[in-house]
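What follows is a short report on a single structure.
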Amino acid sequence: MSDAWLPTLITESPEAGYQLAIKMSRMGVKYTQPSAEAREKLRPKYAESADSLIAVSHVVAVNFQTVAAANNYWKV
């Protein structure tokens, strides 16, 4: 895979930054487990797990912190 999907961390708004954080989180999973078949097989196990969902939320939050810092917290 190439890194072309992430040309910049700069976004126009916090909402766009949050969407980028979600995409970064999803891409992290994709890089870690490149097999779409394996990801699909595992999805039902973590989709019903509160601990897994909380862990996912944490990863998104960390990525959002990174994007927010890169955007100087969208200060004008």
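Letters A, B, ... go to the chains of the structure tokens in the order shown; residues in each chain start at 1; ligands are counted from 1 in the same order.
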With stretch 17-24 of chain A as the partner and 8 Å as the cut-off, tabulate the residues of stretch 47-71 of chain A that qualify, each row holding the nearest pair of atoms and their distance in Å to one decimal, using only C-alpha atoms, sorted by chain and rising number, as a tab-separated table.
residue	atom	partner	partner_atom	distance
A:Val60	CA	A:Ile22	CA	5.6
A:Ala61	CA	A:Ala21	CA	7.6
A:Asn63	CA	A:Ala21	CA	5.0
A:Phe64	CA	A:Ala21	CA	4.9
A:Val67	CA	A:Gly17	CA	6.0
A:Ala68	CA	A:Gly17	CA	6.8
Got a sec to tell me which of chain A DSSP assigns to alpha helix (DSSP H), as a PyMOL selection string?
-> chain A and resi 14-32+36-47+50-70
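Remark: for A:Thr8, the closest of the candidate residues A:Arg39, A:Lys45, A:Ala70, A:Val76 is A:Ala70 (distances computed over only C-alpha atoms).
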